[in-house]
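Following: one structure in C-alpha cells, then a few remarks.
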Amino acid sequence: MLKRGKEYGMRKKVEILIFAIVPIILFYLMEAFEHNGFEEVRSLAQLYNIFLFELIAWLLFFVTGSGRAALRIETIVAFLYGLINHYVMAFRSTPLVPWDIFSIKTAASVAGNYDFTPTKELLTVCGAFLLLYLLLHFVKLKFPYGLFYRVIPVVCVSLVLCTF
C-alpha cells in the first residue's frame with residue numbers, strides 16, 4: 001500500500017508539472033504563427049506572457065475542475081487568437097487588438113479580396129497545435145473537491161489575473 005501511495009504522489013507531481021509546462025508551450029506555439037518567440041520577443045515580455053498563460057490555465061482548471069478541459073480550452077483560444085492575428089498581420093501589418101472586435105463586419109465584407117492560402121510554416125504550427133490538443137487526452141489532473149471548494153481558488157486567481 002505504501003508503494004502505491006508513493007506512485008500516486010509521484011504521478012500527481014508529474015501531472016502538475018505537465019500542467020505547468022503546457023501553457024509555456026502554448027505561448028511559444030502562438031508566437032510561432034508570426035515569428036520565433038524565443039528570439040524576437042524580449043525576455044521580460046516572454047516572462048509576463050507565460051505568467052499570463054499560466055494564470056489563465058489555473059483559472060480554467062479551478063472553474064472546470066479538470067486539467068484536460070482547462071488546457072484544451074486554453075489551446076483552442078491560443079490557436080484561434082494566433083491564427084487570426086497571423087492573418088491580420090498579413091493583411092494590414094498591425095497586430096490584432098481588442099477593439100478589432102468592433103470592425104468584424106467590415107473585415108468579413110472585405111475578406112473575399114484577400115488570399116488565405118496557408119503556407120508550409122502555418123500548416124506546421126497548426127499541426128503542432130493539433131498534436132498538443134490530442135496529447136492533452138492523457139492529462140488526468142482533477143481538482144479533488146466539489147464546486148463549493150473551487151470558489152476560493154477561482155476568486156484568488158481572478159484577482160491576481162485582474163491585478164496583473
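Labels for the C-alpha cells follow display order: chains A, B, ..., residues from 1 in each chain, ligands from 1.
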
With a cut-off of 9 Å, could you pull out the residues of stretch 70-102 of chain A touching stretch 57-60 of chain A and give me the nearest pair of atoms for each, distance in Å to one decimal, using only C-alpha atoms, ordered by chain and ascending number, as CSV?
```
residue,atom,partner,partner_atom,distance
A:Ala70,CA,A:Leu60,CA,4.8
A:Leu71,CA,A:Ala57,CA,6.2
A:Ile73,CA,A:Leu60,CA,7.9
A:Glu74,CA,A:Ala57,CA,6.5
```

* Long-range neighbours of stretch 150-164 of chain A as a PyMOL selection string, 12 Å cut-off, only C-alpha atoms, 4 positions minimum in chain -> chain A and resi 48-49+51-66+142-146

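Between A:Leu136 and the residues A:Ala45, A:Leu26, A:Arg72, A:Glu31, the shortest atom-to-atom distance, using only C-alpha atoms, involves A:Arg72.
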
Mind checking DSSP for stretch 10-129 of chain A and telling me the alpha helix (DSSP H) residues as a short mmCIF file (atom, residue, chain, number, x, y, z; two decimals) with N, CA, C and O atoms, in the first residue's frame?
```cif
data_model
loop_
_atom_site.label_atom_id
_atom_site.label_comp_id
_atom_site.auth_asym_id
_atom_site.auth_seq_id
_atom_site.Cartn_x
_atom_site.Cartn_y
_atom_site.Cartn_z
N MET A 10 3.76 10.57 -6.86
CA MET A 10 4.69 10.91 -7.94
C MET A 10 3.90 11.23 -9.21
O MET A 10 4.22 12.17 -9.93
N ARG A 11 2.87 10.45 -9.51
CA ARG A 11 2.05 10.69 -10.69
C ARG A 11 1.39 12.07 -10.61
O ARG A 11 1.34 12.79 -11.60
N LYS A 12 0.90 12.44 -9.44
CA LYS A 12 0.28 13.76 -9.27
C LYS A 12 1.30 14.87 -9.51
O LYS A 12 0.98 15.88 -10.14
N LYS A 13 2.51 14.69 -9.02
CA LYS A 13 3.56 15.70 -9.23
C LYS A 13 3.88 15.85 -10.71
O LYS A 13 4.05 16.96 -11.20
N VAL A 14 3.96 14.73 -11.42
CA VAL A 14 4.23 14.76 -12.86
C VAL A 14 3.09 15.45 -13.59
O VAL A 14 3.31 16.26 -14.49
N GLU A 15 1.85 15.15 -13.21
CA GLU A 15 0.69 15.77 -13.85
C GLU A 15 0.69 17.29 -13.63
O GLU A 15 0.39 18.05 -14.54
N ILE A 16 1.02 17.72 -12.43
CA ILE A 16 1.09 19.16 -12.14
C ILE A 16 2.21 19.81 -12.94
O ILE A 16 2.05 20.90 -13.48
N LEU A 17 3.34 19.12 -13.06
CA LEU A 17 4.45 19.63 -13.86
C LEU A 17 4.03 19.77 -15.33
O LEU A 17 4.29 20.81 -15.96
N ILE A 18 3.38 18.76 -15.86
CA ILE A 18 2.89 18.83 -17.24
C ILE A 18 1.90 19.97 -17.39
O ILE A 18 1.95 20.74 -18.35
N PHE A 19 1.01 20.10 -16.41
CA PHE A 19 0.02 21.18 -16.44
C PHE A 19 0.71 22.55 -16.45
O PHE A 19 0.24 23.48 -17.09
N ALA A 20 1.81 22.67 -15.76
CA ALA A 20 2.55 23.94 -15.72
C ALA A 20 3.36 24.19 -17.00
O ALA A 20 3.58 25.34 -17.37
N ILE A 21 3.77 23.13 -17.68
CA ILE A 21 4.59 23.28 -18.89
C ILE A 21 3.75 23.60 -20.13
O ILE A 21 4.18 24.36 -20.99
N VAL A 22 2.56 23.05 -20.21
CA VAL A 22 1.74 23.23 -21.42
C VAL A 22 1.46 24.71 -21.72
O VAL A 22 1.57 25.12 -22.88
N PRO A 23 1.11 25.56 -20.75
CA PRO A 23 0.90 26.97 -21.09
C PRO A 23 2.15 27.65 -21.68
O PRO A 23 2.03 28.54 -22.53
N ILE A 24 3.31 27.22 -21.26
CA ILE A 24 4.56 27.76 -21.82
C ILE A 24 4.66 27.36 -23.29
O ILE A 24 4.96 28.18 -24.16
N ILE A 25 4.37 26.09 -23.57
CA ILE A 25 4.38 25.61 -24.95
C ILE A 25 3.36 26.37 -25.78
O ILE A 25 3.63 26.77 -26.92
N LEU A 26 2.18 26.60 -25.21
CA LEU A 26 1.13 27.32 -25.93
C LEU A 26 1.57 28.73 -26.30
O LEU A 26 1.29 29.20 -27.40
N PHE A 27 2.24 29.40 -25.39
CA PHE A 27 2.71 30.76 -25.69
C PHE A 27 3.64 30.75 -26.90
O PHE A 27 3.46 31.52 -27.84
N TYR A 28 4.62 29.86 -26.87
CA TYR A 28 5.59 29.82 -27.98
C TYR A 28 4.96 29.33 -29.28
O TYR A 28 5.33 29.79 -30.36
N LEU A 29 4.01 28.41 -29.19
CA LEU A 29 3.31 27.98 -30.40
C LEU A 29 2.49 29.13 -30.99
O LEU A 29 2.48 29.33 -32.20
N MET A 30 1.80 29.87 -30.13
CA MET A 30 1.02 31.00 -30.62
C MET A 30 1.92 32.04 -31.28
O MET A 30 1.60 32.57 -32.34
N GLU A 31 3.07 32.28 -30.70
CA GLU A 31 4.02 33.23 -31.28
C GLU A 31 4.58 32.71 -32.61
O GLU A 31 4.92 33.49 -33.49
N ALA A 32 4.65 31.39 -32.74
CA ALA A 32 5.23 30.79 -33.95
C ALA A 32 4.41 31.07 -35.21
O ALA A 32 4.92 30.94 -36.31
N GLY A 37 9.33 33.25 -31.08
CA GLY A 37 9.14 33.92 -29.80
C GLY A 37 10.37 33.91 -28.92
O GLY A 37 10.56 34.81 -28.10
N PHE A 38 11.24 32.90 -29.08
CA PHE A 38 12.46 32.84 -28.29
C PHE A 38 13.41 33.98 -28.65
O PHE A 38 14.08 34.53 -27.79
N GLU A 39 13.46 34.30 -29.92
CA GLU A 39 14.43 35.29 -30.40
C GLU A 39 13.86 36.70 -30.52
O GLU A 39 14.58 37.67 -30.30
N GLU A 40 12.61 36.82 -30.90
CA GLU A 40 12.08 38.13 -31.26
C GLU A 40 11.22 38.78 -30.19
O GLU A 40 10.81 39.92 -30.35
N SER A 43 12.88 39.22 -23.33
CA SER A 43 12.84 38.24 -22.24
C SER A 43 11.77 38.56 -21.21
O SER A 43 11.03 37.68 -20.77
N LEU A 44 11.69 39.81 -20.81
CA LEU A 44 10.70 40.20 -19.81
C LEU A 44 9.28 40.04 -20.35
O LEU A 44 8.38 39.58 -19.64
N ALA A 45 9.07 40.36 -21.62
CA ALA A 45 7.75 40.17 -22.25
C ALA A 45 7.40 38.69 -22.31
O ALA A 45 6.24 38.31 -22.11
N GLN A 46 8.40 37.84 -22.59
CA GLN A 46 8.15 36.40 -22.58
C GLN A 46 7.70 35.95 -21.20
O GLN A 46 6.71 35.21 -21.06
N LEU A 47 8.39 36.40 -20.18
CA LEU A 47 8.06 36.03 -18.81
C LEU A 47 6.64 36.47 -18.45
O LEU A 47 5.86 35.70 -17.89
N TYR A 48 6.29 37.71 -18.77
CA TYR A 48 4.95 38.22 -18.47
C TYR A 48 3.87 37.44 -19.22
O TYR A 48 2.82 37.12 -18.66
N ASN A 49 4.12 37.15 -20.48
CA ASN A 49 3.14 36.40 -21.26
C ASN A 49 2.98 34.97 -20.74
O ASN A 49 1.86 34.46 -20.67
N ILE A 50 4.06 34.35 -20.37
CA ILE A 50 3.98 33.00 -19.82
C ILE A 50 3.21 33.02 -18.50
O ILE A 50 2.37 32.16 -18.25
N PHE A 51 3.47 34.03 -17.68
CA PHE A 51 2.74 34.16 -16.41
C PHE A 51 1.24 34.32 -16.70
O PHE A 51 0.40 33.71 -16.02
N LEU A 52 0.90 35.11 -17.70
CA LEU A 52 -0.50 35.30 -18.09
C LEU A 52 -1.12 33.97 -18.54
O LEU A 52 -2.22 33.61 -18.12
N PHE A 53 -0.41 33.22 -19.36
CA PHE A 53 -0.90 31.92 -19.82
C PHE A 53 -1.08 30.96 -18.65
O PHE A 53 -2.05 30.19 -18.61
N GLU A 54 -0.16 31.00 -17.69
CA GLU A 54 -0.27 30.14 -16.51
C GLU A 54 -1.50 30.51 -15.69
O GLU A 54 -2.26 29.64 -15.25
N LEU A 55 -1.70 31.81 -15.47
CA LEU A 55 -2.86 32.25 -14.69
C LEU A 55 -4.17 31.82 -15.35
O LEU A 55 -5.09 31.34 -14.67
N ILE A 56 -4.24 31.96 -16.65
CA ILE A 56 -5.46 31.57 -17.36
C ILE A 56 -5.67 30.06 -17.24
O ILE A 56 -6.81 29.60 -17.01
N ALA A 57 -4.60 29.28 -17.37
CA ALA A 57 -4.72 27.82 -17.25
C ALA A 57 -5.22 27.43 -15.86
O ALA A 57 -6.13 26.60 -15.73
N TRP A 58 -4.66 28.04 -14.83
CA TRP A 58 -5.09 27.70 -13.47
C TRP A 58 -6.51 28.17 -13.20
O TRP A 58 -7.28 27.48 -12.53
N LEU A 59 -6.88 29.32 -13.72
CA LEU A 59 -8.26 29.79 -13.57
C LEU A 59 -9.22 28.80 -14.23
O LEU A 59 -10.22 28.39 -13.63
N LEU A 60 -8.91 28.40 -15.44
CA LEU A 60 -9.76 27.42 -16.14
C LEU A 60 -9.79 26.08 -15.40
O LEU A 60 -10.83 25.41 -15.35
N PHE A 61 -8.67 25.70 -14.81
CA PHE A 61 -8.62 24.46 -14.05
C PHE A 61 -9.57 24.52 -12.85
O PHE A 61 -10.34 23.59 -12.61
N PHE A 62 -9.53 25.62 -12.12
CA PHE A 62 -10.39 25.72 -10.95
C PHE A 62 -11.86 25.88 -11.35
O PHE A 62 -12.75 25.41 -10.64
N VAL A 63 -12.13 26.51 -12.47
CA VAL A 63 -13.51 26.66 -12.93
C VAL A 63 -14.07 25.31 -13.39
O VAL A 63 -15.19 24.94 -13.04
N THR A 64 -13.29 24.58 -14.19
CA THR A 64 -13.78 23.31 -14.75
C THR A 64 -13.55 22.12 -13.83
O THR A 64 -14.26 21.12 -13.92
N GLY A 67 -7.97 19.30 -15.46
CA GLY A 67 -6.77 19.78 -16.13
C GLY A 67 -6.87 19.64 -17.63
O GLY A 67 -6.46 20.52 -18.39
N ARG A 68 -7.43 18.53 -18.07
CA ARG A 68 -7.58 18.29 -19.52
C ARG A 68 -8.48 19.36 -20.14
O ARG A 68 -8.14 19.95 -21.16
N ALA A 69 -9.63 19.60 -19.53
CA ALA A 69 -10.56 20.60 -20.07
C ALA A 69 -9.93 21.99 -20.07
O ALA A 69 -10.03 22.72 -21.06
N ALA A 70 -9.26 22.34 -18.99
CA ALA A 70 -8.64 23.66 -18.89
C ALA A 70 -7.60 23.87 -19.98
O ALA A 70 -7.59 24.91 -20.66
N LEU A 71 -6.73 22.90 -20.16
CA LEU A 71 -5.66 23.04 -21.15
C LEU A 71 -6.20 22.98 -22.57
O LEU A 71 -5.69 23.65 -23.46
N ARG A 72 -7.24 22.19 -22.79
CA ARG A 72 -7.83 22.14 -24.13
C ARG A 72 -8.51 23.47 -24.48
O ARG A 72 -8.40 23.94 -25.61
N ILE A 73 -9.20 24.06 -23.52
CA ILE A 73 -9.82 25.37 -23.77
C ILE A 73 -8.75 26.40 -24.08
O ILE A 73 -8.85 27.16 -25.04
N GLU A 74 -7.69 26.41 -23.27
CA GLU A 74 -6.61 27.37 -23.49
C GLU A 74 -5.92 27.12 -24.83
O GLU A 74 -5.54 28.06 -25.53
N THR A 75 -5.78 25.87 -25.23
CA THR A 75 -5.17 25.53 -26.51
C THR A 75 -6.01 26.07 -27.66
O THR A 75 -5.48 26.68 -28.60
N ILE A 76 -7.31 25.88 -27.59
CA ILE A 76 -8.20 26.37 -28.65
C ILE A 76 -8.15 27.88 -28.74
O ILE A 76 -8.04 28.45 -29.84
N VAL A 77 -8.21 28.55 -27.61
CA VAL A 77 -8.18 30.02 -27.60
C VAL A 77 -6.84 30.53 -28.14
O VAL A 77 -6.81 31.46 -28.97
N ALA A 78 -5.73 29.95 -27.70
CA ALA A 78 -4.41 30.39 -28.18
C ALA A 78 -4.28 30.14 -29.67
O ALA A 78 -3.75 30.98 -30.41
N PHE A 79 -4.78 28.99 -30.14
CA PHE A 79 -4.73 28.67 -31.57
C PHE A 79 -5.53 29.70 -32.38
O PHE A 79 -5.03 30.25 -33.36
N LEU A 80 -6.77 29.94 -31.97
CA LEU A 80 -7.62 30.87 -32.72
C LEU A 80 -7.05 32.28 -32.71
O LEU A 80 -7.01 32.96 -33.74
N TYR A 81 -6.59 32.73 -31.54
CA TYR A 81 -6.01 34.07 -31.45
C TYR A 81 -4.77 34.17 -32.34
O TYR A 81 -4.61 35.14 -33.08
N GLY A 82 -3.89 33.18 -32.27
CA GLY A 82 -2.67 33.20 -33.08
C GLY A 82 -2.96 33.17 -34.56
O GLY A 82 -2.34 33.90 -35.34
N LEU A 83 -3.91 32.35 -34.97
CA LEU A 83 -4.27 32.24 -36.39
C LEU A 83 -4.90 33.54 -36.90
O LEU A 83 -4.51 34.05 -37.96
N ILE A 84 -5.84 34.08 -36.15
CA ILE A 84 -6.47 35.34 -36.55
C ILE A 84 -5.43 36.45 -36.59
O ILE A 84 -5.39 37.24 -37.54
N ASN A 85 -4.59 36.51 -35.58
CA ASN A 85 -3.54 37.53 -35.55
C ASN A 85 -2.60 37.39 -36.74
O ASN A 85 -2.16 38.39 -37.32
N HIS A 86 -2.30 36.16 -37.12
CA HIS A 86 -1.43 35.92 -38.28
C HIS A 86 -2.01 36.57 -39.53
O HIS A 86 -1.31 37.27 -40.27
N TYR A 87 -3.28 36.35 -39.77
CA TYR A 87 -3.90 36.90 -40.98
C TYR A 87 -4.09 38.42 -40.87
O TYR A 87 -3.92 39.13 -41.86
N VAL A 88 -4.38 38.92 -39.69
CA VAL A 88 -4.47 40.37 -39.52
C VAL A 88 -3.11 41.01 -39.81
O VAL A 88 -3.03 42.02 -40.51
N MET A 89 -2.06 40.40 -39.30
CA MET A 89 -0.71 40.92 -39.58
C MET A 89 -0.38 40.84 -41.07
O MET A 89 0.22 41.76 -41.63
N ALA A 90 -0.79 39.76 -41.71
CA ALA A 90 -0.50 39.59 -43.14
C ALA A 90 -1.23 40.63 -43.98
O ALA A 90 -0.69 41.12 -44.97
N PHE A 91 -2.44 40.99 -43.59
CA PHE A 91 -3.25 41.87 -44.42
C PHE A 91 -3.09 43.35 -44.10
O PHE A 91 -3.25 44.19 -44.98
N ARG A 92 -2.80 43.68 -42.85
CA ARG A 92 -2.69 45.11 -42.54
C ARG A 92 -1.42 45.49 -41.77
O ARG A 92 -1.25 46.63 -41.37
N ILE A 104 -15.52 43.70 -37.00
CA ILE A 104 -15.61 42.36 -37.58
C ILE A 104 -16.50 42.32 -38.82
O ILE A 104 -16.22 41.58 -39.76
N LYS A 105 -17.55 43.14 -38.86
CA LYS A 105 -18.42 43.18 -40.05
C LYS A 105 -17.65 43.69 -41.26
O LYS A 105 -17.77 43.16 -42.36
N THR A 106 -16.86 44.72 -41.04
CA THR A 106 -16.06 45.27 -42.14
C THR A 106 -15.06 44.23 -42.62
O THR A 106 -14.88 44.04 -43.84
N ALA A 107 -14.41 43.56 -41.69
CA ALA A 107 -13.43 42.54 -42.05
C ALA A 107 -14.10 41.42 -42.86
O ALA A 107 -13.54 40.95 -43.85
N ALA A 108 -15.28 41.02 -42.45
CA ALA A 108 -15.99 39.95 -43.16
C ALA A 108 -16.38 40.39 -44.57
O ALA A 108 -16.33 39.59 -45.51
N SER A 109 -16.73 41.66 -44.71
CA SER A 109 -17.17 42.13 -46.03
C SER A 109 -16.02 42.25 -47.04
O SER A 109 -16.25 42.16 -48.24
N VAL A 110 -14.80 42.44 -46.57
CA VAL A 110 -13.66 42.56 -47.49
C VAL A 110 -12.79 41.31 -47.53
O VAL A 110 -11.80 41.26 -48.25
N LYS A 120 3.55 26.69 -45.68
CA LYS A 120 4.08 25.48 -45.03
C LYS A 120 4.28 25.73 -43.53
O LYS A 120 3.97 24.88 -42.71
N GLU A 121 4.79 26.90 -43.19
CA GLU A 121 5.03 27.24 -41.78
C GLU A 121 3.71 27.29 -41.00
O GLU A 121 3.63 26.81 -39.88
N LEU A 122 2.70 27.89 -41.62
CA LEU A 122 1.39 27.99 -40.98
C LEU A 122 0.81 26.60 -40.73
O LEU A 122 0.30 26.31 -39.64
N LEU A 123 0.91 25.72 -41.71
CA LEU A 123 0.41 24.36 -41.55
C LEU A 123 1.18 23.60 -40.48
O LEU A 123 0.60 22.79 -39.74
N THR A 124 2.47 23.85 -40.37
CA THR A 124 3.29 23.20 -39.35
C THR A 124 2.83 23.61 -37.96
O THR A 124 2.69 22.77 -37.06
N VAL A 125 2.60 24.91 -37.77
CA VAL A 125 2.14 25.40 -36.45
C VAL A 125 0.75 24.84 -36.15
O VAL A 125 0.49 24.40 -35.02
N CYS A 126 -0.12 24.83 -37.14
CA CYS A 126 -1.46 24.25 -36.95
C CYS A 126 -1.36 22.78 -36.57
O CYS A 126 -2.08 22.30 -35.67
N GLY A 127 -0.46 22.05 -37.21
CA GLY A 127 -0.25 20.64 -36.89
C GLY A 127 0.27 20.45 -35.47
O GLY A 127 -0.14 19.52 -34.76
N ALA A 128 1.16 21.34 -35.05
CA ALA A 128 1.70 21.26 -33.68
C ALA A 128 0.59 21.51 -32.65
O ALA A 128 0.52 20.83 -31.62
N PHE A 129 -0.27 22.48 -32.94
CA PHE A 129 -1.41 22.73 -32.05
C PHE A 129 -2.32 21.51 -31.97
O PHE A 129 -2.76 21.12 -30.89
#
```
